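Notes for the one structure printed next.
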There are 4 protein chains.
Amino acid sequence: MTGTLRYSFLGPEGTFTEAALTQMPGADRAQRVPASSVLAALSMVDEGDAEGAVVPIENSVEGGVTATLDAVSVTHRLQITAETLVPITFVLASAQPMELSEVTSVATHSHAWAQVRSWAQNVLPRVQYIPAPSTAAGAHSLRTSAPMADAAICAPLVAEQLGLHVIASGIEDFPGAVTRFVLVTKPGQVPSMTGADKTTVTIPLPEDRAGALMELLEHFATRGVNICRIESRPTGSAMGDYFFSMDLEGHIHEPRVADALAGIHRVSPAVRFLGSYPRADRKAQHVRPEVSEEAFDAATQWVASLTRRT
Amino acid sequence: MTGTLRYSFLGPEGTFTEAALTQMPGADRAQRVPASSVLAALSMVDEGDAEGAVVPIENSVEGGVTATLDAVSVTHRLQITAETLVPITFVLASAQPMELSEVTSVATHSHAWAQVRSWAQNVLPRVQYIPAPSTAAGAHSLRTSAPMADAAICAPLVAEQLGLHVIASGIEDFPGAVTRFVLVTKPGQVPSMTGADKTTVTIPLPEDRAGALMELLEHFATRGVNICRIESRPTGSAMGDYFFSMDLEGHIHEPRVADALAGIHRVSPAVRFLGSYPRADRKAQHVRPEVSEEAFDAATQWVASLTRRT
Amino acid sequence: MTGTLRYSFLGPEGTFTEAALTQMPGADRAQRVPASSVLAALSMVDEGDAEGAVVPIENSVEGGVTATLDAVSVTHRLQITAETLVPITFVLASAQPMELSEVTSVATHSHAWAQVRSWAQNVLPRVQYIPAPSTAAGAHSLRTSAPMADAAICAPLVAEQLGLHVIASGIEDFPGAVTRFVLVTKPGQVPSMTGADKTTVTIPLPEDRAGALMELLEHFATRGVNICRIESRPTGSAMGDYFFSMDLEGHIHEPRVADALAGIHRVSPAVRFLGSYPRADRKAQHVRPEVSEEAFDAATQWVASLTRRT
Amino acid sequence: MTGTLRYSFLGPEGTFTEAALTQMPGADRAQRVPASSVLAALSMVDEGDAEGAVVPIENSVEGGVTATLDAVSVTHRLQITAETLVPITFVLASAQPMELSEVTSVATHSHAWAQVRSWAQNVLPRVQYIPAPSTAAGAHSLRTSAPMADAAICAPLVAEQLGLHVIASGIEDFPGAVTRFVLVTKPGQVPSMTGADKTTVTIPLPEDRAGALMELLEHFATRGVNICRIESRPTGSAMGDYFFSMDLEGHIHEPRVADALAGIHRVSPAVRFLGSYPRADRKAQHVRPEVSEEAFDAATQWVASLTRRT
């Protein structure tokens with residue numbers, strides 16, 4: 001029954017986030033529900049109005065939302081169960097076929113405009129830029145009786161959804177950029193280990209002094225756990241207190257990850273586990289022999305043998 | 001001559017960024033020039049169209065833009081010379097005096113909408129939300145012949161600038177939040193040391209493996225340099241290579257900071273110095289005796305005495 | 001039955017080592033068996049000719065023997081079960097009562113002579129020094145038909161055992177020195193935890209490069225385990241390969257010690273556990289809250305809760 | 001003039017220490033002056049009675065004396081200017097030619113006896129062991145009217161010096177062992193850098209707590225300085241305070257060593273430099289690019305460029 005699975009996403013329809021949603025596990029049988037903000041998308045999961053929410057994490061043209069995700073996860077106890085990467089590529093699209101030289105105004109979100117700026121200066125030097133609430137909103141307006149502009153700069157998906165005419169494509173100044181999106185659900189079973197996994201956590205800084213962060217990281221280094229992403233964030237009103245949002249290489253079912261997080265829990269008991277899930281890039285991880293499951297088992301047995309002596 | 005100093009900012013007029021600009025050194029004699037994006041604001045400095053640009057750094061309702069700042073700084077060699085904090089507080093404003101109960105639609109940016117969501121659910125449960133390209137854009141539309149909505153949720157500054165009627169104020173769900181903004185100029189003289197300073201750098205990760213970040217941080221820990229902010233960022237198209245954007249406590253004119261950065265330069269020669277400047281919170285820093293200027297001088301003299309022996 | 005317990009010690013009778021033996025657990029019912037060397041004393045235990053051996057560890061006037069202990073422990077699988085401290089104080093003793101001014105020659109071990117040298121230069125400037133194989137041997141010779149000298153410099157114990165006349169006491173140049181001795185047995189039950197314990201281990205260096213020792217020590221630092229003693233030793237014929245002999249604060253029955261040693265085992269699987277035993281100085285140890293048994297239990301439960309989710 | 005150079009050594013004549021002396025720079029023109037103890041040998045330098053002293057450091061059959069060396073260096077301000085390695089190999093020697101089967105007693109130092117114990121048990125199972133104050137003393141007694149035993153176990157050098165008959169050679173249980181000796185002088189010019197050097201220092205532990213040693217070692221790790229030897233020592237009467245005696249790879253004239261020691265001086269200002277000198281094993285050291293002289297120069301220039309900006 002496709003009707004029973006609902007994934008909310010940062011809307012409106014046609015965003016890069018919706019493109020990401022289509023790549024998520026279960027997407028083929030999920031109903032897609034646009035939300036007006038990341039917070040709203042996440043709240044739908046929290047309140048049972050969706051089984052999953054797809055939200056951007058990094059480098060997004062629609063805005064960096066890790067902070068929101070962190071905040072909500074802490075409040076609402078959600079879990080990341082999948083990630084995916086979407087190439088950030090833009091098209092210039094219009095309602096009816098037209099030439100580049102005919103375009104006098106374009107609507108798009110300011111972040112997208114920033115990313116095609118060099119192209120626009122070269123190709124459309126005299127065009128008028130109309131700020132839109134989102135790239136998708138600019139595109140949608142072209143199909144209304146009050147279009148914001150002659151054309152819109154938007155994701156290929158929305159142009160396709162709306163049957164727009166693509167005047168130019170691949171117009172981003174830095175080709176090859178990708179944005180990372182995650183699928184967020186209520187806490188439940190952790191996805192199986194694949195050998196190419198990530199684990200996301202938030203760790204309050206126990207004490208704000210020189211060396212404090214390094215001492216946290218020692219717990220990962222001594223267990224051979226690589227850090228893929230780290231971001232410090234103020235914990236709220238007081239700008240002096242921090243926590244860290246991190247992605248770790250590895251899965252909570254690996255002893256090296258479990259042991260490192262146990263160490264972190266001792267020094268920062270409010271650590272939050274946000275999920276272990278397969279890496280979008282499928283990059284197999286290199287586990288050094290001294291932090292392999294075998295090494296952990298051998299060490300545990302050796303220590304047990306010492307304390308069991310009679 | 002006030003006309004000779006121009007500060008660009010993330011516009012339109014009335015944003016929190018413009019509010020930040022008014023707190024920056026030189027603001028009273030600077031002409032304020034709105035830009036359509038952070039990138040555009042920074043480019044104005046790079047191209048000589050402005051002497052400074054004010055852009056948001058953290059936690060902003062107008063979008064996190066550290067990534068843009070980093071990118072531009074690397075490309076264009078800009079320097080941070082000041083920072084300031086602006087309380088993030090919202091008002092509900094209308095063109096003409098009206099009651100809360102009369103408001104049927106509100107225009108604002110989706111990030112702002114997310115931050116007043118609980119208030120809106122309680123006080124305006126049936127209101128229609130109209131996404132605006134920015135909080136200021138929503139407010140400005142109220143003074144046009146085609147207002148986007150009955151009222152706008154925006155910064156107090158823009159309501160004041162436009163002479164709007166403030167229906168409700170302090171409506172944010174999490175009072176006390178602040179956003180950090182910086183003033184960016186062309187590279188030049190580093191602002192004087194005040195005893196409560198910050199230094200911003202970007203550091204490419206020399207090698208992507210477990211422990212690599214910790215080894216970078218050891219350079220700061222052994223010199224007693226506290227890290228106020230850290231964010232890993234992909235270096236571009238390849239999602240596997242990272243650099244770190246960091247704010248350090250202290251000033252490049254302090255030996256502990258200079259020595260730590262010298263150590264970093266050896267392991268990551270592409271390290272970039274983005275500036276030393278007074279902290280917005282004026283929090284005096286605690287320099288441990290073993291990393292004081294005196295300790296550095298004594299150590300230098302001792303080592304010199306060893307190698308000078310005859 | 002006192003006859004069933006035999007403790008070997010570095011002889012001959014009257015050494016500081018025998019004085020240490022008298023302070024060891026079980027000493028009141030143990031037969032004391034002098035051995036000609038530390039190696040011989042340890043071998044007696046290994047071969048079942050003694051239940052325990054008392055040997056010096058640090059700072060001894062009879063020679064530093066940690067190296068021997070390490071070697072034997074590796075070969076013979078012995079265990080340290082107690083330690084004790086003996087004040088290193090010397091007497092000048094003769095067979096018959098005599099005055100200081102009458103002493104023309106003194107016999108003692110060269111290490112003891114070195115430790116009373118200033119005193120001897122002041123008080124006996126023209127005395128002849130006769131090297132003896134040990135301080136006790138010099139003293140014993142006074143009771144033979146061929147005394148090595150007029151007087152001997154020796155431990156108070158041997159002077160008392162032989163009924164010698166004490167001409168001067170407390171003649172050491174650095175009063176207050178103590179030497180540490182340990183009781184070594186065959187591997188068996190680890191002595192109970194007292195809250196003021198030490199653990200002795202040997203750890204081969206996995207790789208001889210800058211930072212390798214620091215990486216070992218991180219395992220102790222992250223578990224809040226203090227290091228009381230560390231000595232690097234060449235592993236044998238090749239002077240380039242090292243192992244470390246260490247005393248740690250804490251007992252193998254404490255989770256912080258067990259967890260640190262498990263970490264060490266992963267990177268250096270040939271680590272050897274030589275014993276946990278009460279500290280001679282009874283100094284209660286300060287266990288930081290984040291490495292207490294409670295913190296370990298809480299961390300273990302938290303991690304278990306993550307992986308058990310359904 | 002050979003008469004003007006005097007090297008004291010741990011005597012009597014024929015010790016391994018004298019064998020080491022013959023390998024030291026200047027030995028061919030130096031008068032060899034035996035001393036009764038390491039302390040006495042060092043004091044001769046301190047008091048101007050010798051220009052150098054040769055003393056054992058590690059693993060010696062004549063006793064470990066690093067502690068003495070440390071103590072004296074702190075008190076008397078001496079400097080290590082050379083090191084050498086001597087193979088520890090023993091001979092069984094007699095005054096007149098005799099067969100193994102004729103030997104009924106052997107004289108030697110207990111440490112030497114310990115090192116030939118397996119050989120003696122196999123070859124001379126019923127021989128009587130006579131403890132001698134030193135291996136050389138046992139040998140010398142063979143040439144007196146009152147020999148201590150039929151034969152002596154001693155260094156090849158003393159057998160040669162005394163024209164003794166060598167009954168058996170290479171009788172040590174662990175062939176290939178070497179002992180390290182150093183040449184100590186008054187403080188003066190540091191020997192030139194050779195590219196294969198060592199530096200010896202003593203470092204008081206600033207604070208006795210978990211992690212304190214690791215924080216010291218970070219200063220070496222961040223500068224790529226390998227530690228060849230480390231020994232903790234009690235500072236004196238109070239058994240709870242420690243300092244570390246260390247040999248580092250590299251020369252004080254290398255920036256990485258000088259910079260690491262400057263870092264150490266800040267946290268432990270009572271650090272003592274005991275000398276930089278060529279390694280006895282001539283093993284060329286591998287200096288990682290990031291701690292090369294070039295990397296230090298580039299880093300210094302970069303930091304200077306930041307602070308010099310106008």
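Identifiers in the structure tokens: chain A, B, ... in order shown; residue index from 1 per chain; ligand index from 1 in order shown.
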
Hand me chain D as it sits after a least-squares fit onto chain C over every Cα, paired in order, written as a CSV table (one decimal) with C-alpha atoms, in the first residue's frame.
```csv
chain,number,residue,atom,x,y,z
D,1,MET,CA,53.4,-24.0,59.5
D,2,THR,CA,56.1,-21.4,59.0
D,3,GLY,CA,58.3,-23.9,57.3
D,4,THR,CA,56.0,-24.0,54.2
D,5,LEU,CA,56.5,-20.4,53.2
D,6,ARG,CA,59.8,-19.4,51.8
D,7,TYR,CA,60.8,-16.0,50.5
D,8,SER,CA,64.0,-15.6,48.6
D,9,PHE,CA,65.8,-12.3,48.6
D,10,LEU,CA,68.8,-10.6,47.2
D,11,GLY,CA,71.4,-11.6,49.8
D,12,PRO,CA,73.5,-12.0,51.7
D,13,GLU,CA,71.8,-11.6,55.1
D,14,GLY,CA,71.4,-8.0,56.3
D,15,THR,CA,70.8,-6.3,53.0
D,16,PHE,CA,68.1,-3.6,52.5
D,17,THR,CA,66.3,-6.2,50.6
D,18,GLU,CA,66.0,-8.4,53.6
D,19,ALA,CA,64.8,-5.4,55.6
D,20,ALA,CA,62.1,-5.0,52.9
D,21,LEU,CA,61.2,-8.7,53.2
D,22,THR,CA,60.4,-8.2,56.8
D,23,GLN,CA,57.7,-5.7,55.9
D,24,MET,CA,56.0,-7.9,53.3
D,25,PRO,CA,52.7,-9.7,53.8
D,26,GLY,CA,53.4,-13.2,55.3
D,27,ALA,CA,56.9,-12.2,56.3
D,28,ASP,CA,56.3,-13.2,60.0
D,29,ARG,CA,55.8,-16.8,59.0
D,30,ALA,CA,58.2,-17.0,56.1
D,31,GLN,CA,61.6,-18.6,56.0
D,32,ARG,CA,64.1,-16.1,54.5
D,33,VAL,CA,66.4,-17.6,51.8
D,34,PRO,CA,69.3,-15.4,50.6
D,35,ALA,CA,70.1,-15.6,46.9
D,36,SER,CA,73.3,-14.4,45.1
D,37,SER,CA,71.5,-12.2,42.6
D,38,VAL,CA,68.1,-10.9,41.7
D,39,LEU,CA,67.9,-13.4,38.9
D,40,ALA,CA,68.7,-16.2,41.3
D,41,ALA,CA,66.0,-15.0,43.7
D,42,LEU,CA,63.4,-14.9,41.0
D,43,SER,CA,64.4,-18.3,39.6
D,44,MET,CA,63.8,-19.9,43.0
D,45,VAL,CA,60.2,-18.8,42.7
D,46,ASP,CA,59.9,-20.0,39.1
D,47,GLU,CA,61.3,-23.4,40.0
D,48,GLY,CA,59.2,-23.8,43.1
D,49,ASP,CA,62.1,-23.4,45.6
D,50,ALA,CA,60.4,-20.3,47.1
D,51,GLU,CA,56.8,-19.1,47.2
D,52,GLY,CA,58.0,-15.5,46.9
D,53,ALA,CA,61.0,-13.4,46.0
D,54,VAL,CA,61.7,-9.9,47.3
D,55,VAL,CA,63.7,-7.7,44.9
D,56,PRO,CA,64.5,-4.1,44.7
D,57,ILE,CA,63.0,-1.9,42.0
D,58,GLU,CA,64.1,1.7,42.1
D,59,ASN,CA,67.0,3.8,43.3
D,60,SER,CA,68.6,1.0,45.2
D,61,VAL,CA,72.0,1.1,46.7
D,62,GLU,CA,72.2,-2.5,45.8
D,63,GLY,CA,71.7,-1.8,42.1
D,64,GLY,CA,68.7,-1.0,39.9
D,65,VAL,CA,67.2,-4.3,38.8
D,66,THR,CA,64.0,-3.5,37.0
D,67,ALA,CA,65.6,-4.7,33.8
D,68,THR,CA,66.2,-8.1,35.3
D,69,LEU,CA,62.7,-8.2,36.8
D,70,ASP,CA,61.2,-7.4,33.4
D,71,ALA,CA,63.2,-10.0,31.6
D,72,VAL,CA,62.4,-12.7,34.1
D,73,SER,CA,58.8,-11.8,34.2
D,74,VAL,CA,58.5,-12.1,30.5
D,75,THR,CA,60.3,-15.5,30.5
D,76,HIS,CA,59.0,-17.0,33.6
D,77,ARG,CA,55.5,-15.5,34.0
D,78,LEU,CA,55.8,-14.2,37.5
D,79,GLN,CA,53.4,-11.7,39.3
D,80,ILE,CA,54.0,-8.8,41.6
D,81,THR,CA,51.7,-9.1,44.7
D,82,ALA,CA,53.1,-6.5,47.1
D,83,GLU,CA,55.4,-3.5,47.3
D,84,THR,CA,57.1,-1.9,50.2
D,85,LEU,CA,59.4,1.1,50.8
D,86,VAL,CA,62.6,1.0,52.9
D,87,PRO,CA,64.4,4.1,54.1
D,88,ILE,CA,67.9,4.1,52.8
D,89,THR,CA,70.0,5.0,55.8
D,90,PHE,CA,73.6,3.8,56.5
D,91,VAL,CA,75.6,3.2,59.7
D,92,LEU,CA,79.3,3.0,60.2
D,93,ALA,CA,79.8,-0.2,62.2
D,94,SER,CA,82.8,-2.1,63.7
D,95,ALA,CA,83.2,-5.5,65.4
D,96,GLN,CA,84.4,-3.9,68.6
D,97,PRO,CA,83.7,-0.5,70.1
D,98,MET,CA,85.9,2.2,68.5
D,99,GLU,CA,86.1,5.9,68.0
D,100,LEU,CA,85.6,7.6,64.6
D,101,SER,CA,89.2,8.9,64.8
D,102,GLU,CA,90.5,5.3,65.1
D,103,VAL,CA,88.9,4.2,61.8
D,104,THR,CA,91.6,4.0,59.0
D,105,SER,CA,89.7,1.8,56.5
D,106,VAL,CA,86.0,1.1,55.6
D,107,ALA,CA,84.5,-1.6,53.5
D,108,THR,CA,81.3,-1.2,51.6
D,109,HIS,CA,79.7,-1.5,48.1
D,110,SER,CA,80.7,1.3,45.7
D,111,HIS,CA,77.0,2.4,45.4
D,112,ALA,CA,76.8,2.9,49.1
D,113,TRP,CA,80.2,4.6,49.2
D,114,ALA,CA,78.9,7.0,46.6
D,115,GLN,CA,76.0,7.9,48.8
D,116,VAL,CA,78.1,8.8,51.9
D,117,ARG,CA,80.9,10.5,50.0
D,118,SER,CA,80.4,14.0,51.3
D,119,TRP,CA,80.1,12.8,54.9
D,120,ALA,CA,83.2,10.7,54.5
D,121,GLN,CA,85.2,13.6,53.0
D,122,ASN,CA,84.3,15.7,56.0
D,123,VAL,CA,84.5,13.3,58.9
D,124,LEU,CA,87.0,10.7,57.6
D,125,PRO,CA,89.1,12.6,55.1
D,126,ARG,CA,92.0,10.2,55.1
D,127,VAL,CA,90.2,6.9,55.4
D,128,GLN,CA,90.9,4.1,52.9
D,129,TYR,CA,87.9,2.8,51.0
D,130,ILE,CA,87.8,-1.0,50.4
D,131,PRO,CA,85.2,-2.1,47.8
D,132,ALA,CA,83.0,-4.9,48.9
D,133,PRO,CA,80.7,-7.1,46.8
D,134,SER,CA,77.7,-5.8,48.8
D,135,THR,CA,77.2,-3.6,51.9
D,136,ALA,CA,76.2,-6.8,53.8
D,137,ALA,CA,79.3,-8.6,52.7
D,138,GLY,CA,81.5,-5.8,54.0
D,139,ALA,CA,79.8,-6.1,57.4
D,140,HIS,CA,79.9,-9.8,57.5
D,141,SER,CA,83.6,-9.8,56.9
D,142,LEU,CA,84.1,-7.9,60.2
D,143,ARG,CA,83.0,-11.0,62.0
D,144,THR,CA,85.5,-13.2,60.2
D,145,SER,CA,89.1,-13.9,60.8
D,146,ALA,CA,90.0,-11.8,57.8
D,147,PRO,CA,88.0,-8.5,58.1
D,148,MET,CA,88.2,-6.4,54.9
D,149,ALA,CA,88.6,-3.2,56.9
D,150,ASP,CA,88.4,-1.6,60.4
D,151,ALA,CA,84.7,-0.8,59.8
D,152,ALA,CA,81.9,-1.3,57.4
D,153,ILE,CA,79.2,1.0,56.0
D,154,CYS,CA,76.0,-1.0,55.9
D,155,ALA,CA,72.3,-1.1,56.6
D,156,PRO,CA,71.2,-0.9,60.2
D,157,LEU,CA,69.6,-4.3,59.9
D,158,VAL,CA,72.9,-6.2,59.3
D,159,ALA,CA,74.6,-4.3,62.1
D,160,GLU,CA,71.9,-5.4,64.5
D,161,GLN,CA,71.9,-9.0,63.2
D,162,LEU,CA,75.6,-9.3,63.7
D,163,GLY,CA,75.7,-7.4,67.0
D,164,LEU,CA,78.1,-4.8,65.6
D,165,HIS,CA,79.1,-1.6,67.3
D,166,VAL,CA,77.5,1.4,65.6
D,167,ILE,CA,80.0,4.2,65.5
D,168,ALA,CA,77.8,6.6,63.5
D,169,SER,CA,74.3,6.4,62.0
D,170,GLY,CA,72.3,8.4,59.5
D,171,ILE,CA,75.5,9.1,57.6
D,172,GLU,CA,73.9,9.3,54.1
D,173,ASP,CA,74.4,12.5,52.2
D,174,PHE,CA,70.8,12.8,51.1
D,175,PRO,CA,68.6,11.8,54.1
D,176,GLY,CA,65.1,10.7,53.4
D,177,ALA,CA,65.8,8.5,50.4
D,178,VAL,CA,63.8,5.3,50.1
D,179,THR,CA,64.0,2.3,47.9
D,180,ARG,CA,61.1,0.4,46.6
D,181,PHE,CA,60.9,-3.4,46.8
D,182,VAL,CA,58.4,-5.8,45.4
D,183,LEU,CA,57.2,-9.3,46.4
D,184,VAL,CA,57.1,-11.6,43.3
D,185,THR,CA,55.2,-14.9,43.2
D,186,LYS,CA,53.9,-17.3,40.6
D,187,PRO,CA,50.8,-16.0,38.7
D,188,GLY,CA,47.7,-16.5,40.7
D,189,GLN,CA,44.9,-14.5,42.3
D,190,VAL,CA,45.3,-10.8,42.0
D,191,PRO,CA,45.3,-9.1,45.5
D,192,SER,CA,42.1,-7.4,46.3
D,193,MET,CA,41.5,-3.8,45.4
D,194,THR,CA,42.1,-1.4,48.3
D,195,GLY,CA,41.4,2.0,46.7
D,196,ALA,CA,45.2,2.8,46.7
D,197,ASP,CA,46.7,0.3,44.3
D,198,LYS,CA,49.2,0.1,41.5
D,199,THR,CA,49.4,-2.0,38.4
D,200,THR,CA,52.6,-2.9,36.6
D,201,VAL,CA,52.8,-3.7,32.9
D,202,THR,CA,55.3,-4.0,30.1
D,203,ILE,CA,54.3,-2.8,26.7
D,204,PRO,CA,56.4,-3.3,23.5
D,205,LEU,CA,56.5,-0.2,21.4
D,206,PRO,CA,54.5,-1.1,18.2
D,207,GLU,CA,56.4,1.2,15.9
D,208,ASP,CA,59.6,3.3,16.5
D,209,ARG,CA,58.6,6.7,15.3
D,210,ALA,CA,57.8,10.2,16.6
D,211,GLY,CA,54.5,10.2,18.4
D,212,ALA,CA,54.3,6.4,19.0
D,213,LEU,CA,54.8,6.6,22.7
D,214,MET,CA,52.3,9.5,22.9
D,215,GLU,CA,49.7,7.4,21.2
D,216,LEU,CA,50.2,4.6,23.7
D,217,LEU,CA,49.8,7.1,26.6
D,218,GLU,CA,46.6,8.5,25.1
D,219,HIS,CA,45.0,5.2,26.0
D,220,PHE,CA,45.8,5.9,29.7
D,221,ALA,CA,44.9,9.6,29.5
D,222,THR,CA,41.5,9.1,28.0
D,223,ARG,CA,40.7,6.7,30.9
D,224,GLY,CA,42.1,9.0,33.6
D,225,VAL,CA,44.9,6.5,34.5
D,226,ASN,CA,47.9,8.2,36.0
D,227,ILE,CA,51.4,6.8,35.2
D,228,CYS,CA,53.6,6.5,38.3
D,229,ARG,CA,56.7,5.1,36.6
D,230,ILE,CA,57.8,4.6,33.0
D,231,GLU,CA,61.1,3.3,31.7
D,232,SER,CA,62.0,2.4,28.2
D,233,ARG,CA,64.2,-0.6,27.6
D,234,PRO,CA,65.8,-2.1,24.6
D,235,THR,CA,64.2,-5.4,23.9
D,236,GLY,CA,67.5,-7.2,23.6
D,237,SER,CA,70.3,-7.4,21.2
D,238,ALA,CA,68.9,-4.9,18.7
D,239,MET,CA,69.3,-1.5,20.5
D,240,GLY,CA,66.6,0.0,18.3
D,241,ASP,CA,63.5,-1.8,19.5
D,242,TYR,CA,62.0,-0.8,22.8
D,243,PHE,CA,59.4,-1.8,25.3
D,244,PHE,CA,58.1,0.2,28.2
D,245,SER,CA,57.9,-0.9,31.8
D,246,MET,CA,55.2,1.1,33.6
D,247,ASP,CA,53.5,1.4,36.9
D,248,LEU,CA,49.9,2.7,36.7
D,249,GLU,CA,47.8,4.1,39.4
D,250,GLY,CA,44.8,1.8,40.0
D,251,HIS,CA,43.8,-1.8,40.0
D,252,ILE,CA,42.9,-4.2,37.2
D,253,HIS,CA,39.5,-4.7,38.8
D,254,GLU,CA,38.8,-1.0,38.1
D,255,PRO,CA,37.0,-0.5,34.7
D,256,ARG,CA,39.2,2.5,33.9
D,257,VAL,CA,42.4,0.3,34.2
D,258,ALA,CA,40.9,-2.7,32.5
D,259,ASP,CA,39.6,-0.5,29.6
D,260,ALA,CA,42.9,1.2,29.2
D,261,LEU,CA,44.7,-2.1,29.1
D,262,ALA,CA,42.2,-3.4,26.6
D,263,GLY,CA,43.1,-0.4,24.4
D,264,ILE,CA,46.8,-1.1,24.8
D,265,HIS,CA,46.3,-4.7,23.9
D,266,ARG,CA,44.8,-3.7,20.5
D,267,VAL,CA,47.8,-1.7,19.5
D,268,SER,CA,50.4,-3.8,21.2
D,269,PRO,CA,49.1,-7.3,21.7
D,270,ALA,CA,52.3,-8.5,23.5
D,271,VAL,CA,51.5,-6.3,26.5
D,272,ARG,CA,52.2,-8.1,29.8
D,273,PHE,CA,50.3,-7.7,33.0
D,274,LEU,CA,52.7,-8.1,36.0
D,275,GLY,CA,50.3,-7.5,38.7
D,276,SER,CA,47.9,-5.2,40.7
D,277,TYR,CA,48.8,-4.7,44.3
D,278,PRO,CA,48.4,-2.2,47.2
D,279,ARG,CA,50.6,0.9,47.1
D,280,ALA,CA,53.3,1.0,49.7
D,281,ASP,CA,52.6,4.7,50.4
D,282,ARG,CA,48.8,4.1,50.9
D,283,LYS,CA,48.1,7.3,49.0
D,284,ALA,CA,44.4,7.2,48.1
D,285,GLN,CA,43.9,7.9,44.5
D,286,HIS,CA,41.7,10.5,43.1
D,287,VAL,CA,39.4,9.0,40.4
D,288,ARG,CA,37.8,11.7,38.3
D,289,PRO,CA,34.0,11.4,38.0
D,290,GLU,CA,34.2,10.7,34.2
D,291,VAL,CA,36.3,7.6,34.7
D,292,SER,CA,34.6,6.2,37.8
D,293,GLU,CA,32.9,2.8,37.8
D,294,GLU,CA,29.6,4.6,37.6
D,295,ALA,CA,30.6,6.5,34.5
D,296,PHE,CA,31.7,3.3,32.9
D,297,ASP,CA,28.5,1.5,33.8
D,298,ALA,CA,26.4,4.4,32.5
D,299,ALA,CA,28.3,4.5,29.2
D,300,THR,CA,28.1,0.8,28.7
D,301,GLN,CA,24.3,0.9,29.3
D,302,TRP,CA,23.9,3.8,26.9
D,303,VAL,CA,25.7,2.2,24.1
D,304,ALA,CA,23.8,-1.1,24.7
D,305,SER,CA,20.6,0.8,24.5
D,306,LEU,CA,21.6,2.2,21.0
D,307,THR,CA,22.3,-1.2,19.5
D,308,ARG,CA,19.4,-2.9,21.1
D,309,ARG,CA,16.8,-0.6,19.5
D,310,THR,CA,14.0,-2.2,17.6
```

task: Taking the chain letters and numbering used in this document, name the residues of region 119-288 of chain B that DSSP puts in strand (DSSP E), as a PyMOL selection string.
output: chain B and resi 128-131+151-154+165-169+178-185+197-204+227-234+242-249+272-278
